[in-house]
Amino acid sequence: MSWRLSKVWWWLLPGGLVALVVTVLFELGVWQPLEQLVYTSLFRLRGSGPWSEQVVVVAIDDESLEKLGQFPLPRQRYAQLLDILSEAQPNVVAFDILWSEPSQDDSQLAAAMERHGLVVLPRALNDVGVALLPTSELQSGAITTGHISTHQDIDGIVRRIEPQLQGELALGLAATQAYALVAAPTLEFPSLNRPLWINWAGVVQHTPHYSLARVLEGEVSPEAFQNRIVVVGVTATGLDSLSTPFNRNPPASGVYLHATVINNVLQHNFLHVPSQSWIRLGLLLAGPSLSLLLVFCPKELRLISWIGCCLIWAILSLVLFRAGHWLPVASPLILLSGTTGAAMLSNRLQEDALLRRQLDQLWQAYHQDLVVYQAKHTDLSKKVLSQSSRVNSHTVQLAALADQFGRSQSAQAAIARSLSTGLLAADLDGLVWFCNPVAASWLSVKVGDRLASCLVPHWLSEAEWQANLHRLKTSGFTSSCELHRNERWFEIGLEPLLYHSQTLEAKNQPCAPDGLLLVIKDITERQEIVRLKDEFVSIVSHELRTPITSIRGSLGLLLTGKLGNLTDKGQHMLNIAVNNTDRLIRLINDILDFERIESGKVALLKKSCDVADLIVLASETMQAMADKAEVNLKVTTKSIYCCADPDRLIQVLTNLLSNAIKFSPQNTTVCLSAEIINPSEIEGIRSEASRFNSNPAFLSSLTCIPHPALLITVQDQGRGIPADKLEAIFGRFQQVDTSDARQKGGTGLGLAICRAIVEQHGGKIWVESTLGEGSTFYLILPGIEELEICHNGI
Ligand code: ADP
């Protein structure tokens, strides 16, 4: 958990740091020039906005000054203007001309103002914050006054106004309020508590305006001003210049600012701008979130997603700007770029560190094996290596490892090519990543193919393939089988492959395999030799059996004494000859029997039989031998119906009983029992068997037997079997103590025959034994049909 948390912190860190830096610089106003540039561009991209018909400018333009004289104009001109405007009431007239100095025309202008009744005059603040008011006479004629203080940003553009200063409304707001009184009582006003962001409508040349000179000359009908707010101000070149996003060079004039404020109030479209604290919070949160997002973004898409995010933000800003919302653009784009860069850098550093760690581990694990590298780096070259920088030394290490890897790889590939055995390596999901030419031609497979599609169903059934694969994956067991295909014999084996963690981390710990190695051998010749040998043995045995049987007949006749009495010595010699001939006949019979079973010449005659009957029959057969050896025979069974060849099963049981009796001292007990085992019990049996038989293929095959199954045990208290012989005695001619076994009439083939018969039934046989304490032979068979619960303790 703590590891995950620390990882999350690492992911958040690049974005967090960039966000912090960007926010601090935002606070210090470093991004302002860029934001101002974007602000102007946004207006240009958006284009002209709506202009209210109610706002009209009377401009004291160059033409007016030409006709009426230099600025300032005599105040009677304005009185004259007011009289003309009064003809088309109602209208509000707002002057953007400050008359703070008294003049002899003041009374005339004041009288005109009073006649008009809706005149708004400006007031300003000088540099030290002292209000510059219109003369008291003029003030008395005006309905109200409004301040005309503006704040220009460093690029000369006015972006916002203070709605109130020293309790005085801005001129535009004051004029609109006066207008609302007479013409629009329901007009809504913006909040006066925070700065109002001007929404410039377009180039001022498109704003409805009339030249003062023309109005005075009567060229403009007074109706043009009816029911309107008339803003009067200087627009002549060089006087009262003011830049707007649309008019920068040449600039517009201050009067248009007030006209635009009035327009914004009437249209309710001042710009909505998020407060500084919201922007700050947004920047601080966006950085870490973005850097977290980038972690989950595939590397190759990071650059694209950065460009995508920037575009989305730019388009969103434009769309919102059109809807009257201004969002900062420059600082978010810088944040996006910075975070993407920092995340990629941190990723790169982490990757570098990981690579170095892995390289160090690889170096630790393999540098001893780098024969070529070691040989090359003699004292002199070692010196050179030690002088090279650390970065270089890593590169040298990597190159050396790659070089060695390349050599081993090509050597291994050459060896694999030269083999007559097929070799194929695949991932656990079956993707083939190596195969030598032999495997490729036998299995018709190539690198990149799916192994299952080459093996199933031609070589293995789907079920067999899945079972083998499952065994390999879960327990790393190897498995092999012999198959007859296209008139040839093949042996296919699966081996686990470890190629990841094993070498680097837990060399000594068992771990699940990473892949598999399939080894396929053509064993046709071997099979042929075995077949020939078996055939030879069986022919020889056949040839021997008839004469030996007839010899035995003659010896038997001699024994009866019908051919005359023998001396004691002759009798003794005859007994030895009879014993040896009997043993030879048993051996020949066993060899022939074994060969017939192995070669599949003996078909099982399976039928439903009660195991209890077979066990009783076998014990009765061996009872005489047990009595002779003074060994107790005890049988425990119940009625269990099983599908088997009864004669063959009895052959197995008598052989096991005969061995048990043979190798038990007097007055000990041999127990023969049969029971049903259920799936839940098999694991216990398997783990018990694993103490005596370590063959993984055998152990795993135990669990593959269908359940419920029949379990027969033959237990004795004899001398036991040494641990290293527990598996071997099931082979041909295998005896623990050969001379003793022979003396006891053994041929060394009994258990081999037992195993062949049991496996022919689809079962398994094994032995558990402790020297000096006794042995228990286990025989597990499938094919249980039904059981009657009637305990027959015999
Ligand atoms: P044999 O004809 O020699 O008995 P088997 O194949 O039946 O041949 O047995 C092989 C060998 O296994 C025996 O020779 C003996 O050494 C050993 N063996 C078999 N069963 C037992 C047992 N119950 N106790 C001890 N040793 C046994």
# chains A, B, ... in the order shown; residues from 1 in each chain; ligands from 1
>>> residues_around(residues="stretch 629-633 of chain A", least_positions_apart="6", cutoff="6 Å", atoms="only C-alpha atoms", output="ChimeraX atom specification")
/A:666-670
>>> residues_around(residues="stretch 450-456 of chain A", least_positions_apart="4", cutoff="8 Å", atoms="only C-alpha atoms", output="list in words")
Ala426, Gly430, Leu431, Val432, Leu443, Ser444, Val445, Leu460, Ser461, Glu462 and Trp465 of chain A
>>> closest_residue(among="A:Thr770, A:Asn655, A:Gln152, A:Ser701", to="A:Ala752", atoms="only C-alpha atoms")
A:Asn655
>>> residues_around(residues="A:Leu335", least_positions_apart="3", cutoff="12 Å", atoms="only C-alpha atoms", output="ChimeraX atom specification")
/A:14-26,31,280,282-291,306,309-310,313,328-332,338-343
>>> write_last_selection(atoms="C-alpha atoms", output="PDB file, in the first residue's frame")
ATOM      1  CA  PRO A  14       6.210  16.674 -12.067  1.00  0.00           C
ATOM      2  CA  GLY A  15       2.783  18.261 -12.608  1.00  0.00           C
ATOM      3  CA  GLY A  16       2.707  19.558  -9.035  1.00  0.00           C
ATOM      4  CA  LEU A  17       6.053  21.307  -9.354  1.00  0.00           C
ATOM      5  CA  VAL A  18       5.243  22.821 -12.739  1.00  0.00           C
ATOM      6  CA  ALA A  19       1.843  24.007 -11.433  1.00  0.00           C
ATOM      7  CA  LEU A  20       3.546  25.687  -8.493  1.00  0.00           C
ATOM      8  CA  VAL A  21       6.042  27.510 -10.663  1.00  0.00           C
ATOM      9  CA  VAL A  22       3.415  28.553 -13.241  1.00  0.00           C
ATOM     10  CA  THR A  23       1.086  29.846 -10.489  1.00  0.00           C
ATOM     11  CA  VAL A  24       3.819  31.847  -8.763  1.00  0.00           C
ATOM     12  CA  LEU A  25       4.845  33.411 -12.087  1.00  0.00           C
ATOM     13  CA  PHE A  26       1.163  34.073 -12.830  1.00  0.00           C
ATOM     14  CA  TRP A  31       2.435  35.760 -18.119  1.00  0.00           C
ATOM     15  CA  ARG A 280      -4.831  30.122  -9.124  1.00  0.00           C
ATOM     16  CA  GLY A 282      -7.355  25.833 -11.315  1.00  0.00           C
ATOM     17  CA  LEU A 283      -3.672  26.016 -12.202  1.00  0.00           C
ATOM     18  CA  LEU A 284      -2.597  24.325  -8.978  1.00  0.00           C
ATOM     19  CA  LEU A 285      -5.019  21.437  -9.466  1.00  0.00           C
ATOM     20  CA  ALA A 286      -4.588  21.039 -13.206  1.00  0.00           C
ATOM     21  CA  GLY A 287      -0.842  20.311 -13.041  1.00  0.00           C
ATOM     22  CA  PRO A 288      -0.923  17.213 -10.813  1.00  0.00           C
ATOM     23  CA  SER A 289      -4.107  15.871 -12.427  1.00  0.00           C
ATOM     24  CA  LEU A 290      -2.597  16.182 -15.863  1.00  0.00           C
ATOM     25  CA  SER A 291       0.591  14.513 -14.815  1.00  0.00           C
ATOM     26  CA  TRP A 306      -0.371  17.377 -25.354  1.00  0.00           C
ATOM     27  CA  CYS A 309      -5.144  19.272 -24.950  1.00  0.00           C
ATOM     28  CA  CYS A 310      -3.675  22.600 -26.090  1.00  0.00           C
ATOM     29  CA  TRP A 313      -8.220  24.514 -24.465  1.00  0.00           C
ATOM     30  CA  PRO A 328      -6.806  32.690 -19.370  1.00  0.00           C
ATOM     31  CA  VAL A 329      -5.119  30.875 -22.238  1.00  0.00           C
ATOM     32  CA  ALA A 330      -1.383  31.511 -22.061  1.00  0.00           C
ATOM     33  CA  SER A 331      -0.792  30.255 -18.512  1.00  0.00           C
ATOM     34  CA  PRO A 332      -2.845  27.033 -18.991  1.00  0.00           C
ATOM     35  CA  GLY A 338       5.502  22.256 -18.855  1.00  0.00           C
ATOM     36  CA  THR A 339       3.695  19.333 -17.249  1.00  0.00           C
ATOM     37  CA  THR A 340       3.948  17.172 -20.364  1.00  0.00           C
ATOM     38  CA  GLY A 341       7.645  17.954 -20.623  1.00  0.00           C
ATOM     39  CA  ALA A 342       8.260  17.336 -16.928  1.00  0.00           C
ATOM     40  CA  ALA A 343       6.255  14.086 -16.952  1.00  0.00           C
TER      41      ALA A 343
END
>>> residues_around(residues="A:Gln350", least_positions_apart="5", cutoff="12 Å", atoms="only C-alpha atoms", output="PyMOL selection string")
chain A and resi 7+10-11+343-345+355-357
